[in-house]
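K.L.:
coords.csv is reproduced below (CSV, C-alpha atoms).
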```csv
chain,number,residue,atom,x,y,z
T,1,MET,CA,0.0,0.0,0.0
T,2,ARG,CA,1.3,3.5,-0.9
T,3,ILE,CA,1.8,6.2,1.6
T,4,TYR,CA,0.9,9.8,0.7
T,5,LEU,CA,2.9,12.5,2.6
T,6,ASP,CA,2.5,15.4,0.1
T,7,HIS,CA,-0.7,17.1,1.4
T,8,ASN,CA,0.7,20.6,1.0
T,9,ALA,CA,0.7,20.0,-2.8
T,10,THR,CA,-2.9,18.7,-2.8
T,11,THR,CA,-5.2,16.6,-0.7
T,12,PRO,CA,-7.5,13.6,-1.5
T,13,VAL,CA,-11.1,14.7,-2.0
T,14,ASP,CA,-13.3,13.8,0.9
T,15,PRO,CA,-16.1,11.3,0.0
T,16,ALA,CA,-18.7,13.7,1.3
T,17,VAL,CA,-17.4,16.4,-1.1
T,18,VAL,CA,-17.6,13.9,-4.0
T,19,GLU,CA,-21.1,13.0,-3.1
T,20,ALA,CA,-22.2,16.6,-2.8
T,21,MET,CA,-20.6,17.6,-6.1
T,22,ASP,CA,-22.1,14.6,-7.9
T,23,ASP,CA,-25.6,15.6,-6.7
T,24,ALA,CA,-25.0,19.2,-7.8
T,25,LEU,CA,-23.8,18.1,-11.3
T,26,ARG,CA,-26.9,16.0,-11.7
T,27,ASN,CA,-29.6,18.2,-10.1
T,28,CYS,CA,-28.3,21.7,-9.8
T,29,PHE,CA,-27.6,22.7,-13.4
T,30,GLY,CA,-29.3,26.0,-13.5
T,31,ASN,CA,-27.5,29.3,-14.0
T,32,PRO,CA,-27.3,31.1,-10.6
T,33,SER,CA,-28.1,34.4,-12.4
T,34,SER,CA,-31.4,33.1,-13.8
T,35,VAL,CA,-34.5,34.2,-12.0
T,36,HIS,CA,-36.5,31.0,-12.6
T,37,ALA,CA,-36.6,28.0,-10.1
T,38,TYR,CA,-33.6,26.2,-11.7
T,39,GLY,CA,-31.5,29.3,-11.4
T,40,GLN,CA,-32.6,30.0,-7.8
T,41,THR,CA,-31.8,26.5,-6.8
T,42,ALA,CA,-28.2,27.0,-8.1
T,43,LYS,CA,-28.0,30.4,-6.4
T,44,ALA,CA,-29.1,28.8,-3.1
T,45,ALA,CA,-26.3,26.3,-3.5
T,46,LEU,CA,-23.8,29.2,-4.0
T,47,ASP,CA,-25.2,30.9,-0.9
T,48,ASP,CA,-24.6,27.7,1.2
T,49,GLY,CA,-21.0,27.5,-0.1
T,50,ARG,CA,-20.4,31.2,0.6
T,51,ALA,CA,-21.7,30.8,4.2
T,52,ALA,CA,-19.6,27.8,4.8
T,53,VAL,CA,-16.4,29.5,3.6
T,54,ALA,CA,-17.2,32.6,5.6
T,55,ASP,CA,-17.7,30.5,8.7
T,56,LEU,CA,-14.3,28.8,8.1
T,57,VAL,CA,-12.5,32.2,8.3
T,58,ASN,CA,-14.9,34.0,10.7
T,59,GLY,CA,-16.0,36.4,8.0
T,60,GLN,CA,-19.4,37.4,6.6
T,61,PRO,CA,-20.9,35.6,3.5
T,62,SER,CA,-21.1,38.9,1.7
T,63,GLU,CA,-17.4,39.2,2.0
T,64,ILE,CA,-16.6,36.0,0.1
T,65,LEU,CA,-15.7,36.0,-3.6
T,66,PHE,CA,-15.4,32.7,-5.5
T,67,THR,CA,-12.4,32.2,-7.8
T,68,GLY,CA,-10.9,29.4,-9.9
T,69,SER,CA,-8.0,28.8,-7.6
T,70,GLY,CA,-5.8,30.2,-4.8
T,71,THR,CA,-3.6,31.7,-7.4
T,72,GLU,CA,-6.5,33.6,-8.9
T,73,ALA,CA,-7.5,34.7,-5.5
T,74,ASP,CA,-4.0,36.1,-4.9
T,75,ASN,CA,-4.0,37.8,-8.3
T,76,LEU,CA,-7.4,39.4,-7.7
T,77,ALA,CA,-6.3,40.7,-4.4
T,78,LEU,CA,-3.0,42.3,-5.7
T,79,ARG,CA,-4.1,43.4,-9.2
T,80,GLY,CA,-7.6,44.3,-8.1
T,81,LEU,CA,-6.3,46.5,-5.3
T,82,ALA,CA,-3.7,48.1,-7.6
T,83,ALA,CA,-6.3,48.9,-10.2
T,84,ALA,CA,-8.5,50.5,-7.5
T,85,VAL,CA,-5.9,52.9,-6.3
T,86,GLN,CA,-6.3,56.5,-7.4
T,87,PRO,CA,-3.5,57.3,-9.8
T,88,GLY,CA,-0.7,59.5,-8.3
T,89,THR,CA,-1.6,58.6,-4.7
T,90,LYS,CA,0.1,55.3,-3.9
T,91,ASN,CA,2.5,53.3,-6.1
T,92,HIS,CA,4.3,50.9,-3.7
T,93,LEU,CA,3.6,47.2,-2.9
T,94,ILE,CA,5.4,45.0,-0.3
T,95,ALA,CA,5.6,41.2,0.1
T,96,THR,CA,8.3,38.8,1.4
T,97,THR,CA,11.1,36.8,-0.3
T,98,ILE,CA,9.3,33.5,0.5
T,99,GLU,CA,5.9,34.1,-0.9
T,100,HIS,CA,4.3,31.7,-3.4
T,101,GLU,CA,4.9,32.4,-7.0
T,102,ALA,CA,1.3,33.5,-7.3
T,103,VAL,CA,2.3,36.6,-5.4
T,104,LEU,CA,5.9,37.0,-6.4
T,105,ASN,CA,5.2,36.8,-10.2
T,106,THR,CA,2.2,39.1,-9.9
T,107,LEU,CA,4.4,41.6,-8.1
T,108,LYS,CA,6.9,41.3,-11.0
T,109,ALA,CA,4.1,42.0,-13.5
T,110,LEU,CA,2.9,45.0,-11.5
T,111,ASN,CA,6.5,46.3,-11.3
T,112,ARG,CA,6.7,46.2,-15.1
T,113,ALA,CA,3.4,48.2,-15.1
T,114,GLY,CA,5.0,51.0,-13.1
T,115,TRP,CA,4.5,49.9,-9.5
T,116,THR,CA,7.5,49.9,-7.1
T,117,THR,CA,7.9,46.8,-5.0
T,118,SER,CA,9.8,45.7,-2.0
T,119,LEU,CA,10.5,42.2,-0.6
T,120,LEU,CA,11.0,41.7,3.1
T,121,PRO,CA,13.7,39.3,4.2
T,122,VAL,CA,13.2,36.4,6.6
T,123,ASP,CA,15.5,35.0,9.2
T,124,GLU,CA,17.0,31.5,9.4
T,125,THR,CA,13.6,30.1,10.5
T,126,GLY,CA,11.7,31.7,7.6
T,127,THR,CA,10.0,34.3,9.8
T,128,VAL,CA,9.5,37.9,8.9
T,129,ASP,CA,10.6,40.5,11.5
T,130,PRO,CA,8.0,43.2,11.9
T,131,VAL,CA,10.8,45.7,12.2
T,132,SER,CA,11.7,45.0,8.6
T,133,LEU,CA,8.2,46.1,7.6
T,134,GLU,CA,8.5,49.2,9.6
T,135,GLN,CA,11.7,50.1,7.7
T,136,ALA,CA,10.2,49.3,4.3
T,137,ILE,CA,6.8,50.8,4.4
T,138,THR,CA,6.1,54.4,3.3
T,139,ASP,CA,3.1,56.6,2.8
T,140,LYS,CA,3.1,55.5,-0.8
T,141,THR,CA,2.6,51.8,0.2
T,142,ALA,CA,-0.9,50.6,-1.0
T,143,LEU,CA,-0.7,47.0,0.0
T,144,VAL,CA,1.4,44.6,2.1
T,145,SER,CA,1.1,40.8,1.3
T,146,VAL,CA,2.5,38.2,3.6
T,147,MET,CA,1.5,34.5,3.5
T,148,HIS,CA,-0.1,33.1,6.7
T,149,ALA,CA,2.0,30.0,6.6
T,150,ASN,CA,4.7,29.0,4.1
T,151,ASN,CA,4.0,26.1,1.8
T,152,GLU,CA,7.5,24.6,1.9
T,153,ILE,CA,8.5,24.9,5.6
T,154,GLY,CA,5.2,25.6,7.3
T,155,THR,CA,6.4,28.6,9.3
T,156,ILE,CA,3.5,30.7,10.5
T,157,GLN,CA,4.0,34.5,10.2
T,158,PRO,CA,3.1,37.2,12.8
T,159,ILE,CA,0.2,38.3,10.6
T,160,SER,CA,-1.7,40.4,13.2
T,161,GLU,CA,1.3,42.4,14.1
T,162,LEU,CA,2.3,43.0,10.5
T,163,ALA,CA,-1.3,44.0,9.6
T,164,THR,CA,-1.3,46.5,12.4
T,165,ILE,CA,1.9,48.1,11.1
T,166,ALA,CA,0.4,48.3,7.6
T,167,HIS,CA,-2.8,49.9,8.8
T,168,GLN,CA,-0.8,52.5,10.9
T,169,HIS,CA,0.8,53.6,7.6
T,170,GLY,CA,-2.4,53.7,5.6
T,171,ALA,CA,-1.8,50.5,3.7
T,172,LEU,CA,-4.1,47.4,3.3
T,173,PHE,CA,-3.0,43.9,4.1
T,174,HIS,CA,-3.5,40.7,2.2
T,175,THR,CA,-2.5,37.2,3.3
T,176,ASP,CA,-2.3,34.0,1.3
T,177,ALA,CA,-3.8,31.5,3.7
T,178,VAL,CA,-3.9,28.6,1.2
T,179,GLN,CA,-1.6,26.5,3.5
T,180,THR,CA,-3.4,27.2,6.8
T,181,ALA,CA,-7.1,26.5,5.9
T,182,GLY,CA,-8.0,23.3,7.5
T,183,LYS,CA,-4.6,22.9,9.3
T,184,HIS,CA,-4.6,26.0,11.6
T,185,PRO,CA,-7.5,28.2,12.9
T,186,ILE,CA,-8.2,31.2,10.7
T,187,ASP,CA,-9.9,34.2,12.1
T,188,VAL,CA,-9.9,37.3,9.9
T,189,VAL,CA,-11.1,39.5,12.7
T,190,ALA,CA,-8.2,38.4,15.0
T,191,LEU,CA,-5.7,38.6,12.2
T,192,GLY,CA,-6.8,42.1,11.3
T,193,VAL,CA,-6.3,41.5,7.6
T,194,ASP,CA,-8.2,43.1,4.7
T,195,LEU,CA,-8.0,40.3,2.1
T,196,LEU,CA,-7.4,36.5,2.6
T,197,ALA,CA,-7.0,33.8,-0.1
T,198,ILE,CA,-7.8,30.1,0.2
T,199,SER,CA,-7.9,27.1,-2.2
T,200,ALA,CA,-10.3,24.1,-1.9
T,201,HIS,CA,-7.9,21.4,-2.9
T,202,LYS,CA,-5.6,22.1,0.0
T,203,PHE,CA,-8.2,20.9,2.5
T,204,ASN,CA,-9.8,17.9,0.9
T,205,GLY,CA,-11.9,19.8,-1.7
T,206,PRO,CA,-11.8,19.8,-5.5
T,207,LYS,CA,-9.2,21.5,-7.6
T,208,GLY,CA,-10.2,24.5,-9.7
T,209,VAL,CA,-12.0,26.5,-7.0
T,210,GLY,CA,-10.9,29.0,-4.4
T,211,ALA,CA,-12.1,32.0,-2.6
T,212,LEU,CA,-11.0,35.5,-1.6
T,213,TRP,CA,-12.3,37.1,1.6
T,214,VAL,CA,-12.5,40.8,1.2
T,215,ARG,CA,-13.2,43.0,4.2
T,216,ARG,CA,-16.4,45.0,3.7
T,217,GLY,CA,-15.6,48.4,2.3
T,218,THR,CA,-12.3,47.4,0.6
T,219,ARG,CA,-12.1,48.7,-2.9
T,220,LEU,CA,-11.3,46.1,-5.5
T,221,VAL,CA,-11.5,46.3,-9.3
T,222,SER,CA,-12.3,43.1,-11.3
T,223,GLU,CA,-9.4,41.9,-13.5
T,224,MET,CA,-11.9,39.9,-15.6
T,225,THR,CA,-14.4,41.8,-17.7
T,226,GLY,CA,-17.8,40.4,-18.5
T,227,GLY,CA,-21.0,40.0,-16.5
T,228,GLY,CA,-21.7,41.2,-13.0
T,229,GLN,CA,-21.2,38.0,-11.1
T,230,GLU,CA,-19.6,38.0,-7.7
T,231,LYS,CA,-20.7,41.6,-7.1
T,232,ASN,CA,-19.0,42.8,-10.3
T,233,ARG,CA,-15.6,41.5,-9.0
T,234,ARG,CA,-15.2,38.2,-10.9
T,235,ALA,CA,-17.1,37.9,-14.2
T,236,GLY,CA,-18.3,34.6,-15.5
T,237,THR,CA,-20.9,32.0,-14.6
T,238,GLU,CA,-19.9,30.4,-11.3
T,239,ASN,CA,-18.8,26.8,-11.2
T,240,VAL,CA,-21.7,25.6,-9.0
T,241,PRO,CA,-20.6,22.0,-8.4
T,242,ALA,CA,-17.0,23.0,-7.5
T,243,ILE,CA,-18.3,25.7,-5.1
T,244,VAL,CA,-20.7,23.2,-3.5
T,245,GLY,CA,-17.6,21.0,-3.0
T,246,LEU,CA,-15.7,23.9,-1.6
T,247,GLY,CA,-18.5,24.6,0.8
T,248,VAL,CA,-18.6,21.0,2.1
T,249,ALA,CA,-14.8,20.9,2.4
T,250,ALA,CA,-14.9,24.1,4.4
T,251,LYS,CA,-17.4,22.7,6.8
T,252,LEU,CA,-15.3,19.6,7.3
T,253,ALA,CA,-12.1,21.7,7.6
T,254,LYS,CA,-13.7,23.7,10.4
T,255,LYS,CA,-14.8,20.5,12.1
T,256,ASN,CA,-11.4,18.8,11.7
T,257,VAL,CA,-9.0,21.6,12.4
T,258,ALA,CA,-8.6,20.6,16.1
T,259,TYR,CA,-7.7,17.1,14.9
T,260,GLN,CA,-5.2,18.4,12.5
T,261,THR,CA,-3.5,20.5,15.2
T,262,SER,CA,-3.4,17.7,17.7
T,263,ALA,CA,-3.4,14.2,16.2
T,264,THR,CA,-1.8,15.1,12.9
T,265,GLY,CA,0.7,17.2,14.8
T,266,LYS,CA,1.7,14.3,17.0
T,267,LEU,CA,2.3,12.2,13.9
T,268,ARG,CA,4.4,14.9,12.3
T,269,ASP,CA,6.4,15.3,15.5
T,270,ALA,CA,7.0,11.6,15.7
T,271,LEU,CA,8.1,11.4,12.1
T,272,GLU,CA,10.5,14.3,12.5
T,273,ALA,CA,12.0,13.0,15.7
T,274,GLU,CA,12.5,9.5,14.4
T,275,ILE,CA,14.0,10.6,11.1
T,276,LEU,CA,16.5,12.8,13.0
T,277,SER,CA,17.3,9.9,15.2
T,278,ALA,CA,17.5,7.1,12.6
T,279,VAL,CA,19.3,9.1,9.8
T,280,PRO,CA,22.6,10.9,10.7
T,281,ASN,CA,23.4,14.4,9.5
T,282,THR,CA,19.8,15.5,9.0
T,283,PHE,CA,18.4,18.9,9.9
T,284,VAL,CA,15.0,20.5,10.2
T,285,ASN,CA,14.4,23.7,8.2
T,286,GLY,CA,12.0,26.3,9.6
T,287,SER,CA,10.6,27.5,12.8
T,288,SER,CA,9.1,25.6,15.7
T,289,ASN,CA,6.0,27.8,15.1
T,290,ARG,CA,4.7,25.8,12.1
T,291,VAL,CA,1.5,24.4,10.8
T,292,THR,CA,1.4,21.0,12.5
T,293,ASN,CA,1.4,18.8,9.4
T,294,THR,CA,4.7,20.0,7.9
T,295,THR,CA,8.3,19.2,8.3
T,296,ASN,CA,11.1,20.1,5.9
T,297,ILE,CA,14.3,18.1,6.4
T,298,SER,CA,17.8,18.4,4.9
T,299,PHE,CA,19.7,15.1,4.2
T,300,THR,CA,23.4,15.9,4.0
T,301,GLY,CA,25.1,14.3,1.0
T,302,VAL,CA,21.9,13.4,-0.8
T,303,GLU,CA,20.2,15.1,-3.8
T,304,ALA,CA,16.6,15.6,-2.8
T,305,GLU,CA,15.3,14.6,-6.3
T,306,SER,CA,17.1,11.3,-6.1
T,307,LEU,CA,15.7,10.6,-2.6
T,308,LEU,CA,12.2,11.7,-3.8
T,309,ILE,CA,12.4,9.2,-6.6
T,310,ALA,CA,13.7,6.4,-4.4
T,311,LEU,CA,10.9,7.0,-1.9
T,312,ASP,CA,8.3,7.0,-4.6
T,313,LEU,CA,9.6,3.6,-5.9
T,314,ALA,CA,9.3,2.4,-2.3
T,315,GLY,CA,5.6,3.6,-2.3
T,316,ILE,CA,6.1,6.8,-0.3
T,317,ALA,CA,5.1,10.2,-1.9
T,318,VAL,CA,6.9,13.3,-0.6
T,319,SER,CA,8.0,16.6,-2.2
T,320,THR,CA,11.2,18.7,-2.7
T,321,GLY,CA,9.2,21.9,-2.2
T,322,SER,CA,6.4,23.7,-3.9
T,323,ALA,CA,4.5,21.5,-6.4
T,324,CYS,CA,4.0,24.6,-8.5
T,325,SER,CA,7.8,24.8,-9.1
T,326,SER,CA,8.5,21.1,-9.6
T,327,GLY,CA,10.7,20.3,-12.6
T,328,THR,CA,13.0,23.3,-12.1
T,329,LEU,CA,16.7,22.7,-11.4
T,330,GLU,CA,16.9,25.9,-9.3
T,331,PRO,CA,17.1,25.4,-5.5
T,332,SER,CA,14.1,26.5,-3.4
T,333,HIS,CA,13.8,30.2,-3.3
T,334,VAL,CA,12.3,29.8,0.2
T,335,LEU,CA,15.3,27.9,1.6
T,336,LYS,CA,17.8,30.2,-0.1
T,337,ALA,CA,16.0,33.3,1.4
T,338,MET,CA,16.5,31.7,4.8
T,339,GLY,CA,20.2,31.8,4.2
T,340,LEU,CA,20.7,28.0,3.5
T,341,SER,CA,23.5,27.1,1.2
T,342,THR,CA,22.7,25.9,-2.3
T,343,HIS,CA,23.7,22.4,-1.4
T,344,ARG,CA,21.5,22.2,1.7
T,345,ALA,CA,18.6,23.7,-0.2
T,346,GLN,CA,19.0,21.0,-2.9
T,347,ASN,CA,19.1,18.1,-0.4
T,348,SER,CA,15.8,19.0,1.5
T,349,ILE,CA,12.6,17.0,1.5
T,350,ARG,CA,9.2,18.2,2.5
T,351,PHE,CA,6.9,15.8,4.4
T,352,SER,CA,3.3,17.1,4.7
T,353,LEU,CA,0.7,15.0,6.5
T,354,GLY,CA,-3.0,14.8,6.3
T,355,LEU,CA,-6.1,13.4,7.9
T,356,ASN,CA,-5.7,10.0,6.4
T,357,ASN,CA,-2.1,9.3,7.7
T,358,THR,CA,-1.5,6.8,10.5
T,359,ASN,CA,1.1,5.6,12.9
T,360,ALA,CA,1.8,2.7,10.5
T,361,ASP,CA,2.6,5.3,7.7
T,362,ILE,CA,5.2,6.9,10.0
T,363,ALA,CA,6.7,3.6,11.1
T,364,ARG,CA,7.1,2.4,7.5
T,365,THR,CA,8.6,5.7,6.3
T,366,VAL,CA,11.1,5.8,9.1
T,367,GLN,CA,12.0,2.2,8.5
T,368,THR,CA,12.5,2.8,4.8
T,369,LEU,CA,14.5,6.0,4.8
T,370,PRO,CA,17.9,5.0,6.4
T,371,THR,CA,18.6,2.3,3.8
T,372,LEU,CA,17.8,4.6,0.9
T,373,VAL,CA,19.8,7.5,2.3
T,374,ASP,CA,22.8,5.2,2.9
T,375,LYS,CA,22.7,4.0,-0.7
T,376,LEU,CA,22.4,7.4,-2.1
T,377,ARG,CA,25.3,8.8,0.0
T,378,ALA,CA,27.5,5.9,-1.0
T,379,LEU,CA,26.7,6.6,-4.7
T,380,SER,CA,27.6,10.3,-4.3
T,381,ASN,CA,30.9,9.3,-2.4
T,382,THR,CA,30.1,11.8,0.3
T,383,GLY,CA,29.6,9.4,3.2
T,384,SER,CA,27.4,10.2,6.1
```
As structure tokens - that is how I would like this structure written.
P.N.:
Amino acid sequence: MRIYLDHNATTPVDPAVVEAMDDALRNCFGNPSSVHAYGQTAKAALDDGRAAVADLVNGQPSEILFTGSGTEADNLALRGLAAAVQPGTKNHLIATTIEHEAVLNTLKALNRAGWTTSLLPVDETGTVDPVSLEQAITDKTALVSVMHANNEIGTIQPISELATIAHQHGALFHTDAVQTAGKHPIDVVALGVDLLAISAHKFNGPKGVGALWVRRGTRLVSEMTGGGQEKNRRAGTENVPAIVGLGVAAKLAKKNVAYQTSATGKLRDALEAEILSAVPNTFVNGSSNRVTNTTNISFTGVEAESLLIALDLAGIAVSTGSACSSGTLEPSHVLKAMGLSTHRAQNSIRFSLGLNNTNADIARTVQTLPTLVDKLRALSNTGS
């Protein structure tokens, strides 16, 4: 039996989500914008999904916009806010060096369009120092974007403190919470943010649907022209079955988050401790303040890609970092930003657990790793 330890890349769809989506595909085919009974049935399904997502993040249903992914949600937040800014008033955007490419590449595009951008550094644990934001922010800063938790190392950022600093300087604050939804409690009121992005497939929902929470009163210009769906902020007929699935997944995520932070956390801690004990010259990358399902471990003298393939052949699925960057020969930009050497960045493996993992999965992984690492170290002539 295969073992799946790559839940930060994507998660298995919960059977309840599949059942709800199947029912929506069969029986909820109306256009939500239509006024007849078929359309209103579809609109009611959207309303249910919107309410469930709002409940997951402690927002209001009217503040939820549906998107096609977490990437689109991030794009809408950054581009939509930039488009809403009055010309000549603010022209500066801030993020961090370890953001997901959905944010970093969007900033690059906005920079080419005339915006100035700044990237905050992180320390050796991957954490942003609020002092660095104080030093970078100006009265021209329109938006600060800092991810809630990093997808590669799991480090949780001091979002509420950073958001307070942004607001003190007249800037809005966006957080990419794709890696925290379902794994860590999310409360937009406590965090003090203005925009927050999530993606269904990261918490046992379907791929191809996400959401952006937008604080009431926040100006946002749609980047997609067309009809007036989603309060004129995201044109196009809504994907009702996917949104139904997102809603069910959100309800399950709210229910299961305590389990994720306790039981899954204990499994992660056991996996991490036993790997460090069983395999010499291994090191954990990141802070102790992490989402409880994630550990990123460097294996000295081993190329991560080779170890990933060896583990996969042994029936264990892991990752070398962000699934969105797989296939590149470049070392992780996250690990490099933390000050790790190129070699250490290239010998790091991410293990990310989920609701379906068991003690048996951990035992088999720990039993399998030492032999594989020894073989790969012998082949590279580096020893251990």
K.L.:
When you look at Glu230 (chain T) with a cut-off of 9 Å (counting all atoms listed in the file), what residues show up, excluding the ones that are within fewer than 6 positions of it in the same chain? I need them as a list in words.
P.N.:
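What passes the distance filter is Ile64, Leu65, Phe66, Gly236 and Glu238 of chain T.
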K.L.:
Convert the current residue selection to file output with C-alpha atoms, as a tab-separated table (two decimals), in the coordinates of the input.
P.N.:
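Written output follows (part_16.tsv):
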```
chain	number	residue	atom	x	y	z
T	64	ILE	CA	-16.60	36.00	0.10
T	65	LEU	CA	-15.70	36.00	-3.60
T	66	PHE	CA	-15.40	32.70	-5.50
T	236	GLY	CA	-18.30	34.60	-15.50
T	238	GLU	CA	-19.90	30.40	-11.30
```
K.L.:
Write out, as CSV, each residue of region 272-315 of chain T that has an atom at most 8 Å from region 149-157 of chain T, together with the closest pair of atoms and their distance in Å to one decimal, counting only C-alpha atoms, rows going by chain and rising number.
P.N.:
```
residue,atom,partner,partner_atom,distance
T:Asn285,CA,T:Ile153,CA,6.6
T:Gly286,CA,T:Ile153,CA,5.5
T:Ser287,CA,T:Thr155,CA,5.6
T:Ser288,CA,T:Thr155,CA,7.6
T:Asn289,CA,T:Thr155,CA,5.9
T:Arg290,CA,T:Thr155,CA,4.3
T:Val291,CA,T:Gly154,CA,5.2
T:Thr292,CA,T:Gly154,CA,7.9
T:Thr294,CA,T:Gly154,CA,5.7
T:Thr295,CA,T:Ile153,CA,6.3
T:Asn296,CA,T:Ile153,CA,5.5
```
K.L.:
Would you mind exporting C-alpha atoms of the selected residues as a tab-separated table (two decimals), in the frame of the given file?
P.N.:
```tsv
chain	number	residue	atom	x	y	z
T	285	ASN	CA	14.40	23.70	8.20
T	286	GLY	CA	12.00	26.30	9.60
T	287	SER	CA	10.60	27.50	12.80
T	288	SER	CA	9.10	25.60	15.70
T	289	ASN	CA	6.00	27.80	15.10
T	290	ARG	CA	4.70	25.80	12.10
T	291	VAL	CA	1.50	24.40	10.80
T	292	THR	CA	1.40	21.00	12.50
T	294	THR	CA	4.70	20.00	7.90
T	295	THR	CA	8.30	19.20	8.30
T	296	ASN	CA	11.10	20.10	5.90
```
K.L.:
Up to 8 Å from (-11.6, 24.6, -6.6) in the file's coordinates: name the residues, counting all atoms listed in the file, as number ranges by chain.
P.N.:
T: 67-69, 199-201, 205-210, 242-243, 245-246
K.L.:
Using only C-alpha atoms, can you list as a PDB file with C-alpha atoms, in the frame of the given file the residues within 9 Å of (-1.5, 18.4, -1.7)?
P.N.:
```pdb
ATOM      1  CA  LEU T   5       2.900  12.500   2.600  1.00  0.00           C
ATOM      2  CA  ASP T   6       2.500  15.400   0.100  1.00  0.00           C
ATOM      3  CA  HIS T   7      -0.700  17.100   1.400  1.00  0.00           C
ATOM      4  CA  ASN T   8       0.700  20.600   1.000  1.00  0.00           C
ATOM      5  CA  ALA T   9       0.700  20.000  -2.800  1.00  0.00           C
ATOM      6  CA  THR T  10      -2.900  18.700  -2.800  1.00  0.00           C
ATOM      7  CA  THR T  11      -5.200  16.600  -0.700  1.00  0.00           C
ATOM      8  CA  PRO T  12      -7.500  13.600  -1.500  1.00  0.00           C
ATOM      9  CA  HIS T 201      -7.900  21.400  -2.900  1.00  0.00           C
ATOM     10  CA  LYS T 202      -5.600  22.100   0.000  1.00  0.00           C
ATOM     11  CA  PHE T 203      -8.200  20.900   2.500  1.00  0.00           C
ATOM     12  CA  ASN T 204      -9.800  17.900   0.900  1.00  0.00           C
ATOM     13  CA  ALA T 323       4.500  21.500  -6.400  1.00  0.00           C
ATOM     14  CA  SER T 352       3.300  17.100   4.700  1.00  0.00           C
ATOM     15  CA  GLY T 354      -3.000  14.800   6.300  1.00  0.00           C
TER      16      GLY T 354
END
```
K.L.:
I'd like to know which of T:Val128, T:Leu110, T:Leu355, T:Val146 is closest to Ala253 (chain T), using all atoms listed in the file.
P.N.:
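That would be T:Leu355, the residue with the smallest distance to Ala253 (chain T).
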K.L.:
Please measure the separation of CA of Leu46 (chain T) and CA of Phe29 (chain T), giving the value in Å to one decimal.
P.N.:
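These atoms are spaced 12.0 Å apart.
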K.L.:
So how far away is CA of Val214 (chain T) from CA of Gln260 (chain T), in Å?
P.N.:
26.1 Å
K.L.:
Using all atoms listed in the file, determine which residues lie at most 10 Å from region 114-119 of chain T, disregarding the query and same-chain residues fewer than 4 positions distant; provide the list as a list of chain:residue names.
P.N.:
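In the requested format, the answer is T:Ala82, T:Lys90, T:Asn91, T:His92, T:Leu93, T:Ile94, T:Ala95, T:Thr96, T:Thr97, T:Ile98, T:Glu99, T:Leu104, T:Leu107, T:Lys108, T:Ala109, T:Leu110, T:Ser132, T:Leu133, T:Ala136, T:Ile137, T:Lys140, T:Thr141, T:Leu143, T:Val144, T:Ser145, T:Val146.
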K.L.:
Find the spatial neighbours of Leu308 (chain T), counting all atoms listed in the file, within a cut-off of 8 Å - ignore same-chain residues fewer than 4 positions away - and output them as a PDB file with C-alpha atoms, in the frame of the given file.
P.N.:
```pdb
ATOM      1  CA  ALA T 304      16.600  15.600  -2.800  1.00  0.00           C
ATOM      2  CA  ASP T 312       8.300   7.000  -4.600  1.00  0.00           C
ATOM      3  CA  ALA T 317       5.100  10.200  -1.900  1.00  0.00           C
ATOM      4  CA  VAL T 318       6.900  13.300  -0.600  1.00  0.00           C
ATOM      5  CA  SER T 319       8.000  16.600  -2.200  1.00  0.00           C
ATOM      6  CA  THR T 320      11.200  18.700  -2.700  1.00  0.00           C
ATOM      7  CA  ILE T 349      12.600  17.000   1.500  1.00  0.00           C
TER       8      ILE T 349
END
```
K.L.:
Please determine, counting all atoms listed in the file, which residue among T:Asn239, T:Asn75, T:Gln60, T:Asn293 has the shortest atom-to-atom distance to Asn357 (chain T).
P.N.:
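Of T:Asn239, T:Asn75, T:Gln60, T:Asn293, the one nearest Asn357 (chain T) is T:Asn293, counting all atoms listed in the file.
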K.L.:
What's the 8 Å shell around Asp74 (chain T), counting all atoms listed in the file, without same-chain residues fewer than 2 positions away, as a PDB file with C-alpha atoms, keeping the file's coordinate frame?
P.N.:
```pdb
ATOM      1  CA  GLY T  70      -5.800  30.200  -4.800  1.00  0.00           C
ATOM      2  CA  THR T  71      -3.600  31.700  -7.400  1.00  0.00           C
ATOM      3  CA  GLU T  72      -6.500  33.600  -8.900  1.00  0.00           C
ATOM      4  CA  LEU T  76      -7.400  39.400  -7.700  1.00  0.00           C
ATOM      5  CA  ALA T  77      -6.300  40.700  -4.400  1.00  0.00           C
ATOM      6  CA  LEU T  78      -3.000  42.300  -5.700  1.00  0.00           C
ATOM      7  CA  ALA T 102       1.300  33.500  -7.300  1.00  0.00           C
ATOM      8  CA  VAL T 103       2.300  36.600  -5.400  1.00  0.00           C
ATOM      9  CA  ASP T 176      -2.300  34.000   1.300  1.00  0.00           C
ATOM     10  CA  ALA T 197      -7.000  33.800  -0.100  1.00  0.00           C
ATOM     11  CA  LEU T 212     -11.000  35.500  -1.600  1.00  0.00           C
TER      12      LEU T 212
END
```
K.L.:
Using only C-alpha atoms, determine which residues lie at most 8 Å from Ile316 (chain T), disregarding the query and same-chain residues fewer than 6 positions distant; provide the list as a PDB file with C-alpha atoms, keeping the file's coordinate frame.
P.N.:
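Once written, around-v2.pdb looks like this:
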```
ATOM      1  CA  ARG T   2       1.300   3.500  -0.900  1.00  0.00           C
ATOM      2  CA  ILE T   3       1.800   6.200   1.600  1.00  0.00           C
ATOM      3  CA  TYR T   4       0.900   9.800   0.700  1.00  0.00           C
ATOM      4  CA  LEU T   5       2.900  12.500   2.600  1.00  0.00           C
ATOM      5  CA  THR T 365       8.600   5.700   6.300  1.00  0.00           C
TER       6      THR T 365
END
```
K.L.:
Go ahead and compute the interatomic distance for CA of Val193 (chain T) and CA of Ser62 (chain T), in Å to one decimal.
P.N.:
16.1 Å
